[in-house]
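Peer 1: Before anything else, here's the structure in question.
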Amino acid sequence: MEPQRNTNATLVDLLDRVLDKGLIIHADVIVSVAGIPLIGVNLRAALAGMETMLKYGIMQSWDERTRAWEREHRSKKKSSLAQGEKIILKMLGSYYSDKGIYTTWRYGRFFLTGERLLLYHEDFGAVLFETPLVKIRGLVIRDEKYFTEKKERGELYLVLKGNKIVRLSALDVAQLKEAIEKRMNELGLVPEEDPAIPVFEESAAKFLTAGEEIVCSGKMWYLMDTEGIIDNTWRPGYLYLTDKRLCWWYDFEQKVAFEIPVGELVASAMEIRNLSGVLKQKKVLDIIYAGNGTRRVASFSGDSLEEWDQIFRRIITGRGAEVRGQRAEVGGQLSVVSG
Amino acid sequence: MKGRYLYCIVKGNKSVNLGRIGIEGNNVYTVPYKDLSAVVHDCPAELYQSANEEILKGWVSTHQKVVDIAWERFGTVLPFGFDTIIMGDGLTSPEENMKNCLKQDYDSFKRKMEIVGNKAEYGVQIFWNSELMAQKLTEESVEIKKLNEEIKSKPRGLAYMYRQKLEGILKKEMENKADRYFKEFYKKIKPCVDDLRVEKTKKTEDKDKQMFMNLSCLLTKDGSRELGDELEKIDAMEGFSVRYTGPWPPYSFV
């Protein structure tokens, strides 16, 4: 095979070499624009298309224009405040929406007005959450753990009349709480101090049988089995140990996705594994249980795994003693018979 | 004129005039320092710019032609990229600055001359027919075959999901295959050349001719029989084609 030159096919190859390569001298006597010879950029862009053009800033003015337009139009949208309604406090924040099948934090801007608190999404022009102040029974700030973050953050719980609980987060929850309380006082309302807030029991109530009692519970990731074409996946939920069962509540589908009788627990072991692309080197608690005549493994990950491990071990060893005791008894009977 | 457009650096200690062969018909000549010379033309201290692609391509081709002529004439060149312009500043003329550059980087230029001396660069691009390869893979892979069978019995929605998965597997397998071929070809080409650079592959328009290997090879100027033979073998393989260009001045090795 002979090398080719001076044909049309080699033009691209040539351009690449002359534009992108060749010796470079670093001296301040070289004419350049921000280190890039501009001409090469123009030609390269013509050859390479949009992405490169943006990269080298050729579409910058267009980009600027688009942004300016967007800014202008965004500010024109009016929030849904009633005329003459006075704003006491504005603050970025979010509220935990647990309606529907998927629970999520929805972000917007809180407006505390003379009569109500509302969370408004300015881009969509939508009210995400609102409540008249008269309906608030009590407020409390609690430190809550985020699923994927180690950090705790203060979240504001509003207990509304009718025992509805609303979970809010804001740039400064303390300030938000204070402002709400102050305004409520002005309206002659007295919010309850430290109202009680049910956390897990609400979902647990849906699957507990009569007389069943929760021994231990907590947030936990669970490695869900392959379903059809979806591979094993870690899912967030709550792990409950009751006096009868070990079960894991799957928040997303609002159902118990894993459950075994406590008696089926065989072993518990901890190790460090990568959970996913993001969750690396995390502690994983594997429990082995006897299901359908074979031994199976269920994997969990989350906080306070050590405590769970301890609890499981206590159950297993406790029962082991029992089993051994029974065996000894059986052996004793046998010896009696043979004797 | 406030600037000097720099094409390349060559061996030689005399002032030589190469004639009006430069960009826009400018007179090209050499600026010597010791035994090195810069090949330049006089220009304003401004970059060559144009929104017209054809004009730009013309300039770039001229740049290349000047480097070629210098290469032919002086034997060894250190080519510069397009639009390298040295300007004067304050009391120093552009001519002086040009010489200062040569002086300042003299040792480094000399070293590079040693490396690329009497050598040329060749471009090797290997393309494959990805559709043909995918088809072959589908016939070979047990896993893919099985999935293909399964799809037939699935309702439409699920079949779609299966096809997505199938595509994922196929893509992965294709990557593996490309990787294997890449290593194989690299092993064959490496002993035929003095030096080798793996370049980024470029997207091509036609699906049946996808670039999956782009190399710059440094060889002696008259090329290499062995490299040609190896490339011919690859070119003859089903689903593969090779583009072999050169000799170019050693742009990628300076």
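Labeling convention for the structure tokens: chains A, B, ... as they appear, residues from 1 per chain, ligands from 1 in order of appearance.
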Using DSSP on the backbone coordinates, identify all residues within segment 2-193 of chain B classified as alpha helix (DSSP H); present the result as a CSV table (one decimal) with C-alpha atoms, in the first residue's frame.

Peer 2:
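In the end it all went to result18.csv:
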chain,number,residue,atom,x,y,z
B,53,GLU,CA,-14.0,28.9,4.7
B,54,GLU,CA,-12.6,28.6,1.2
B,55,ILE,CA,-10.2,31.5,1.9
B,56,LEU,CA,-9.1,29.9,5.1
B,57,LYS,CA,-8.5,26.5,3.5
B,58,GLY,CA,-6.5,28.3,0.8
B,59,TRP,CA,-4.3,29.9,3.5
B,60,VAL,CA,-3.8,26.7,5.3
B,61,SER,CA,-2.8,24.9,2.1
B,62,THR,CA,-0.3,27.6,1.2
B,63,HIS,CA,1.1,27.3,4.7
B,64,GLN,CA,1.6,23.6,4.1
B,65,LYS,CA,3.1,24.2,0.6
B,66,VAL,CA,5.7,26.6,2.0
B,67,VAL,CA,6.7,24.1,4.7
B,68,ASP,CA,6.9,21.4,2.0
B,69,ILE,CA,9.2,23.5,-0.2
B,70,ALA,CA,11.4,24.4,2.8
B,71,TRP,CA,11.5,20.7,3.7
B,72,GLU,CA,12.6,19.7,0.2
B,73,ARG,CA,15.2,22.3,0.1
B,74,PHE,CA,16.7,22.1,3.7
B,94,PRO,CA,10.2,41.8,14.8
B,95,GLU,CA,13.4,40.6,13.0
B,96,GLU,CA,15.3,40.8,16.3
B,97,ASN,CA,12.5,39.1,18.2
B,98,MET,CA,12.6,36.3,15.7
B,99,LYS,CA,16.3,35.8,16.3
B,100,ASN,CA,15.8,36.0,20.0
B,101,CYS,CA,13.3,33.2,19.8
B,102,LEU,CA,15.8,31.1,18.0
B,103,LYS,CA,18.4,32.0,20.5
B,104,GLN,CA,16.3,31.3,23.5
B,106,TYR,CA,18.2,27.0,20.4
B,107,ASP,CA,19.0,23.8,22.4
B,108,SER,CA,15.4,22.6,22.3
B,109,PHE,CA,15.2,23.2,18.6
B,110,LYS,CA,18.4,21.4,18.0
B,111,ARG,CA,17.3,18.4,20.0
B,112,LYS,CA,14.0,18.2,18.1
B,113,MET,CA,15.9,18.4,14.8
B,114,GLU,CA,17.9,15.4,15.9
B,115,ILE,CA,14.7,13.4,16.6
B,116,VAL,CA,12.8,14.2,13.4
B,130,SER,CA,-19.7,-1.0,12.1
B,131,GLU,CA,-23.0,-2.3,10.7
B,132,LEU,CA,-21.3,-5.3,9.3
B,133,MET,CA,-19.5,-5.9,12.6
B,134,ALA,CA,-22.7,-5.6,14.6
B,135,GLN,CA,-24.4,-8.1,12.3
B,136,LYS,CA,-21.5,-10.5,12.7
B,137,LEU,CA,-21.6,-10.1,16.5
B,138,THR,CA,-25.3,-10.7,16.6
B,139,GLU,CA,-24.7,-14.0,14.9
B,140,GLU,CA,-21.8,-15.0,17.1
B,142,VAL,CA,-25.1,-16.6,22.5
B,143,GLU,CA,-26.4,-14.0,24.9
B,144,ILE,CA,-27.6,-11.7,22.1
B,145,LYS,CA,-29.2,-14.6,20.2
B,146,LYS,CA,-31.0,-15.6,23.3
B,147,LEU,CA,-32.4,-12.1,23.9
B,148,ASN,CA,-33.4,-11.9,20.3
B,149,GLU,CA,-35.5,-15.0,20.7
B,150,GLU,CA,-37.0,-13.8,23.9
B,151,ILE,CA,-38.1,-10.5,22.4
B,152,LYS,CA,-40.4,-12.3,19.9
B,156,ARG,CA,-44.7,-4.6,22.6
B,157,GLY,CA,-43.8,-2.4,25.6
B,158,LEU,CA,-41.6,-5.0,27.2
B,159,ALA,CA,-40.0,-5.8,23.8
B,160,TYR,CA,-39.0,-2.2,23.6
B,161,MET,CA,-37.2,-2.5,26.9
B,162,TYR,CA,-35.6,-5.7,25.8
B,163,ARG,CA,-34.3,-4.0,22.6
B,164,GLN,CA,-32.8,-1.2,24.7
B,165,LYS,CA,-31.0,-3.8,26.8
B,166,LEU,CA,-29.9,-5.6,23.6
B,167,GLU,CA,-28.5,-2.4,22.2
B,168,GLY,CA,-26.6,-1.9,25.4
B,169,ILE,CA,-25.0,-5.3,25.2
B,170,LEU,CA,-24.3,-5.0,21.6
B,171,LYS,CA,-22.6,-1.6,22.2
B,172,LYS,CA,-20.4,-3.1,24.9
B,173,GLU,CA,-19.5,-6.1,22.8
B,174,MET,CA,-18.6,-3.8,19.9
B,175,GLU,CA,-16.4,-1.8,22.2
B,176,ASN,CA,-14.6,-5.0,23.3
B,177,LYS,CA,-14.2,-6.0,19.7
B,178,ALA,CA,-12.8,-2.6,18.7
B,179,ASP,CA,-10.5,-2.8,21.6
B,180,ARG,CA,-9.2,-6.2,20.6
B,181,TYR,CA,-8.7,-5.1,17.0
B,182,PHE,CA,-7.0,-1.9,18.1
B,183,LYS,CA,-4.5,-3.8,20.1
B,184,GLU,CA,-3.9,-6.3,17.3
B,185,PHE,CA,-3.3,-3.6,14.7
B,186,TYR,CA,-1.2,-1.5,17.1
B,187,LYS,CA,1.1,-4.5,17.7
B,188,LYS,CA,1.5,-5.0,14.0
B,189,ILE,CA,2.2,-1.4,13.1

Peer 1: Please find the residues of chain B near chain A - the criterion being any atom within 7 Å, counting only C-alpha atoms - and write them as number ranges by chain.

Peer 2: B: 45-51, 53, 56, 60, 78-88, 228-229, 231-232, 244-246, 251-252, 254

Peer 1: Would you put the residues from that selection into a file with N, CA and C atoms, as an mmCIF file, in the first residue's frame?

Peer 2:
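Output contents, as saved in result_32.cif:
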data_model
loop_
_atom_site.group_PDB
_atom_site.id
_atom_site.type_symbol
_atom_site.label_atom_id
_atom_site.label_comp_id
_atom_site.auth_asym_id
_atom_site.auth_seq_id
_atom_site.Cartn_x
_atom_site.Cartn_y
_atom_site.Cartn_z
ATOM 1 N N ALA B 45 1.310 42.954 12.395
ATOM 2 C CA ALA B 45 1.223 42.155 13.627
ATOM 3 C C ALA B 45 -0.229 41.814 13.926
ATOM 4 N N GLU B 46 -0.872 41.138 12.979
ATOM 5 C CA GLU B 46 -2.274 40.755 13.142
ATOM 6 C C GLU B 46 -2.455 39.326 12.651
ATOM 7 N N LEU B 47 -3.434 38.669 13.204
ATOM 8 C CA LEU B 47 -3.690 37.299 12.771
ATOM 9 C C LEU B 47 -4.417 37.302 11.440
ATOM 10 N N TYR B 48 -4.198 36.266 10.674
ATOM 11 C CA TYR B 48 -4.983 36.084 9.450
ATOM 12 C C TYR B 48 -6.340 35.544 9.856
ATOM 13 N N GLN B 49 -7.387 36.311 9.535
ATOM 14 C CA GLN B 49 -8.732 35.889 9.913
ATOM 15 C C GLN B 49 -9.692 36.090 8.761
ATOM 16 N N SER B 50 -10.603 35.162 8.632
ATOM 17 C CA SER B 50 -11.647 35.333 7.639
ATOM 18 C C SER B 50 -12.803 34.426 7.986
ATOM 19 N N ALA B 51 -13.999 34.894 7.644
ATOM 20 C CA ALA B 51 -15.174 34.060 7.908
ATOM 21 C C ALA B 51 -15.408 33.118 6.736
ATOM 22 N N GLU B 53 -14.705 30.133 4.543
ATOM 23 C CA GLU B 53 -14.011 28.865 4.727
ATOM 24 C C GLU B 53 -13.033 28.579 3.607
ATOM 25 N N LEU B 56 -9.860 30.467 4.045
ATOM 26 C CA LEU B 56 -9.089 29.861 5.128
ATOM 27 C C LEU B 56 -8.376 28.606 4.658
ATOM 28 N N VAL B 60 -4.361 27.816 4.635
ATOM 29 C CA VAL B 60 -3.770 26.653 5.300
ATOM 30 C C VAL B 60 -2.979 25.805 4.301
ATOM 31 N N LEU B 78 11.204 21.887 11.358
ATOM 32 C CA LEU B 78 10.328 21.872 12.529
ATOM 33 C C LEU B 78 9.134 22.739 12.147
ATOM 34 N N PRO B 79 8.032 22.126 11.750
ATOM 35 C CA PRO B 79 6.893 22.919 11.266
ATOM 36 C C PRO B 79 6.144 23.605 12.413
ATOM 37 N N PHE B 80 5.633 24.793 12.145
ATOM 38 C CA PHE B 80 4.780 25.485 13.121
ATOM 39 C C PHE B 80 3.328 25.382 12.677
ATOM 40 N N GLY B 81 2.430 25.539 13.625
ATOM 41 C CA GLY B 81 1.014 25.546 13.299
ATOM 42 C C GLY B 81 0.660 26.839 12.589
ATOM 43 N N PHE B 82 -0.517 26.866 12.007
ATOM 44 C CA PHE B 82 -0.991 28.025 11.260
ATOM 45 C C PHE B 82 -1.101 29.269 12.166
ATOM 46 N N ASP B 83 -0.807 30.427 11.596
ATOM 47 C CA ASP B 83 -0.986 31.712 12.292
ATOM 48 C C ASP B 83 -0.029 31.945 13.458
ATOM 49 N N THR B 84 1.189 31.475 13.335
ATOM 50 C CA THR B 84 2.185 31.833 14.342
ATOM 51 C C THR B 84 2.890 33.091 13.849
ATOM 52 N N ILE B 85 2.638 34.187 14.522
ATOM 53 C CA ILE B 85 3.189 35.466 14.068
ATOM 54 C C ILE B 85 4.001 36.122 15.175
ATOM 55 N N ILE B 86 5.253 36.439 14.856
ATOM 56 C CA ILE B 86 6.130 37.105 15.818
ATOM 57 C C ILE B 86 6.030 38.607 15.569
ATOM 58 N N MET B 87 5.857 39.371 16.661
ATOM 59 C CA MET B 87 5.750 40.825 16.463
ATOM 60 C C MET B 87 6.909 41.554 17.141
ATOM 61 N N GLY B 88 7.051 42.809 16.758
ATOM 62 C CA GLY B 88 8.060 43.629 17.404
ATOM 63 C C GLY B 88 7.472 44.258 18.654
ATOM 64 N N GLY B 228 3.564 -0.398 4.695
ATOM 65 C CA GLY B 228 2.651 -0.518 3.555
ATOM 66 C C GLY B 228 2.057 -1.913 3.470
ATOM 67 N N ASP B 229 2.898 -2.923 3.683
ATOM 68 C CA ASP B 229 2.432 -4.312 3.602
ATOM 69 C C ASP B 229 1.407 -4.618 4.686
ATOM 70 N N LEU B 231 -0.461 -2.538 6.296
ATOM 71 C CA LEU B 231 -1.703 -1.799 6.073
ATOM 72 C C LEU B 231 -2.508 -2.446 4.954
ATOM 73 N N GLU B 232 -1.811 -2.971 3.978
ATOM 74 C CA GLU B 232 -2.502 -3.630 2.878
ATOM 75 C C GLU B 232 -3.273 -4.847 3.389
ATOM 76 N N TYR B 244 -4.099 5.955 4.164
ATOM 77 C CA TYR B 244 -2.678 6.066 4.442
ATOM 78 C C TYR B 244 -2.203 7.330 3.729
ATOM 79 N N THR B 245 -1.839 8.366 4.483
ATOM 80 C CA THR B 245 -1.464 9.631 3.847
ATOM 81 C C THR B 245 -0.060 10.062 4.243
ATOM 82 N N GLY B 246 0.541 10.857 3.402
ATOM 83 C CA GLY B 246 1.872 11.375 3.692
ATOM 84 C C GLY B 246 2.731 11.356 2.448
ATOM 85 N N TYR B 251 4.644 17.252 11.871
ATOM 86 C CA TYR B 251 3.839 18.138 12.738
ATOM 87 C C TYR B 251 3.566 17.541 14.108
ATOM 88 N N SER B 252 3.304 16.234 14.132
ATOM 89 C CA SER B 252 2.876 15.619 15.397
ATOM 90 C C SER B 252 4.030 15.234 16.308
ATOM 91 N N VAL B 254 6.850 17.281 17.011
ATOM 92 C CA VAL B 254 7.700 18.390 17.434
ATOM 93 C C VAL B 254 7.162 19.033 18.704
#

Peer 1: As number ranges by chain, please: every residue in segment 117-337 of chain A that a backbone DSSP assignment puts in strand (DSSP E).

Peer 2: A: 117-121, 126-132, 136-145, 152-160, 165-170, 192-193, 214-224, 233-242, 245-250, 255-261, 265-273, 282-291, 294-301

Peer 1: I'd like the contact shell of Asn27 of chain B - 9 Å cut-off, only C-alpha atoms, skipping same-chain residues fewer than 3 positions apart - returned as an MDAnalysis selection string.

Peer 2: chainID B and resid 17:23 40:42

Peer 1: So what do you get for atom CA of Lys283 of chain A versus atom CA of Phe300 of chain A, distance-wise?

Peer 2: 8.7 Å

Peer 1: In Å, rounded to a single decimal, give me how far atom CA of Gly302 of chain A is from atom CA of Asp251 of chain A.

Peer 2: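 Between these atoms lies a distance of 15.1 Å.
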
Peer 1: To one decimal in Å, tell me the separation between atom CA of Gly25 of chain B and atom CA of Tyr5 of chain B.

Peer 2: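 Distance between the two atoms: 12.7 Å.
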
Peer 1: Compile the contact shell of Leu112 of chain A as a list of chain:residue names: residues with an atom at most 7 Å away, counting only C-alpha atoms, same-chain residues fewer than 5 positions apart removed.

Peer 2: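 Skipping anything fewer than 5 positions along the chain leaves A:Ile87, A:Ile88, A:Leu89, A:Lys90, A:Leu117, A:Leu118.
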
Peer 1: Find the residues near Gln210 of chain B: any atom within 8 Å, counting only C-alpha atoms, skip ones fewer than 4 places away on the same chain, and give them as a list in words.

Peer 2: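 Everything that qualifies: Phe127, Trp128, Asn129, Ser130, Lys203, Thr204 and Asp206 of chain B.
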
Peer 1: Mind dumping the selected residues with all heavy atoms as an mmCIF file, in the first residue's frame?

Peer 2:
data_model
loop_
_atom_site.group_PDB
_atom_site.id
_atom_site.type_symbol
_atom_site.label_atom_id
_atom_site.label_comp_id
_atom_site.auth_asym_id
_atom_site.auth_seq_id
_atom_site.Cartn_x
_atom_site.Cartn_y
_atom_site.Cartn_z
ATOM 1 N N PHE B 127 -10.615 2.372 9.305
ATOM 2 C CA PHE B 127 -12.069 2.467 9.423
ATOM 3 C C PHE B 127 -12.641 1.067 9.465
ATOM 4 O O PHE B 127 -12.045 0.133 8.940
ATOM 5 C CB PHE B 127 -12.658 3.181 8.209
ATOM 6 C CG PHE B 127 -12.091 4.545 7.989
ATOM 7 C CD1 PHE B 127 -10.915 4.715 7.268
ATOM 8 C CD2 PHE B 127 -12.725 5.648 8.500
ATOM 9 C CE1 PHE B 127 -10.390 5.976 7.076
ATOM 10 C CE2 PHE B 127 -12.208 6.912 8.304
ATOM 11 C CZ PHE B 127 -11.033 7.078 7.588
ATOM 12 N N TRP B 128 -13.785 0.941 10.093
ATOM 13 C CA TRP B 128 -14.464 -0.343 9.995
ATOM 14 C C TRP B 128 -15.928 -0.116 9.709
ATOM 15 O O TRP B 128 -16.482 0.932 9.999
ATOM 16 C CB TRP B 128 -14.220 -1.214 11.234
ATOM 17 C CG TRP B 128 -14.928 -0.822 12.484
ATOM 18 C CD1 TRP B 128 -15.561 0.362 12.737
ATOM 19 C CD2 TRP B 128 -15.083 -1.617 13.646
ATOM 20 N NE1 TRP B 128 -16.083 0.348 13.989
ATOM 21 C CE2 TRP B 128 -15.813 -0.847 14.570
ATOM 22 C CE3 TRP B 128 -14.693 -2.917 14.000
ATOM 23 C CZ2 TRP B 128 -16.142 -1.337 15.822
ATOM 24 C CZ3 TRP B 128 -15.025 -3.389 15.245
ATOM 25 C CH2 TRP B 128 -15.741 -2.604 16.137
ATOM 26 N N ASN B 129 -16.493 -1.148 9.142
ATOM 27 C CA ASN B 129 -17.909 -1.108 8.812
ATOM 28 C C ASN B 129 -18.667 -1.570 10.044
ATOM 29 O O ASN B 129 -18.808 -2.769 10.289
ATOM 30 C CB ASN B 129 -18.159 -2.055 7.630
ATOM 31 C CG ASN B 129 -19.593 -1.968 7.162
ATOM 32 O OD1 ASN B 129 -20.483 -1.638 7.941
ATOM 33 N ND2 ASN B 129 -19.797 -2.257 5.903
ATOM 34 N N SER B 130 -19.151 -0.610 10.839
ATOM 35 C CA SER B 130 -19.715 -0.984 12.138
ATOM 36 C C SER B 130 -20.992 -1.799 11.973
ATOM 37 O O SER B 130 -21.304 -2.641 12.806
ATOM 38 C CB SER B 130 -19.974 0.258 12.984
ATOM 39 O OG SER B 130 -20.794 1.157 12.288
ATOM 40 N N LYS B 203 -15.403 11.662 13.887
ATOM 41 C CA LYS B 203 -16.674 11.104 13.444
ATOM 42 C C LYS B 203 -16.770 11.223 11.931
ATOM 43 O O LYS B 203 -16.402 12.236 11.359
ATOM 44 C CB LYS B 203 -17.824 11.870 14.083
ATOM 45 C CG LYS B 203 -18.125 11.369 15.465
ATOM 46 C CD LYS B 203 -19.467 11.849 15.928
ATOM 47 C CE LYS B 203 -19.711 11.363 17.344
ATOM 48 N NZ LYS B 203 -20.138 12.421 18.229
ATOM 49 N N THR B 204 -17.231 10.179 11.304
ATOM 50 C CA THR B 204 -17.427 10.246 9.861
ATOM 51 C C THR B 204 -18.914 10.183 9.552
ATOM 52 O O THR B 204 -19.704 9.751 10.383
ATOM 53 C CB THR B 204 -16.716 9.081 9.144
ATOM 54 O OG1 THR B 204 -16.891 7.908 9.915
ATOM 55 C CG2 THR B 204 -15.244 9.373 8.974
ATOM 56 N N ASP B 206 -20.590 8.466 7.010
ATOM 57 C CA ASP B 206 -21.189 7.163 6.686
ATOM 58 C C ASP B 206 -20.971 6.157 7.805
ATOM 59 O O ASP B 206 -19.900 6.038 8.374
ATOM 60 C CB ASP B 206 -20.672 6.585 5.358
ATOM 61 C CG ASP B 206 -19.342 7.162 4.960
ATOM 62 O OD1 ASP B 206 -19.016 8.245 5.477
ATOM 63 O OD2 ASP B 206 -18.633 6.551 4.140
#
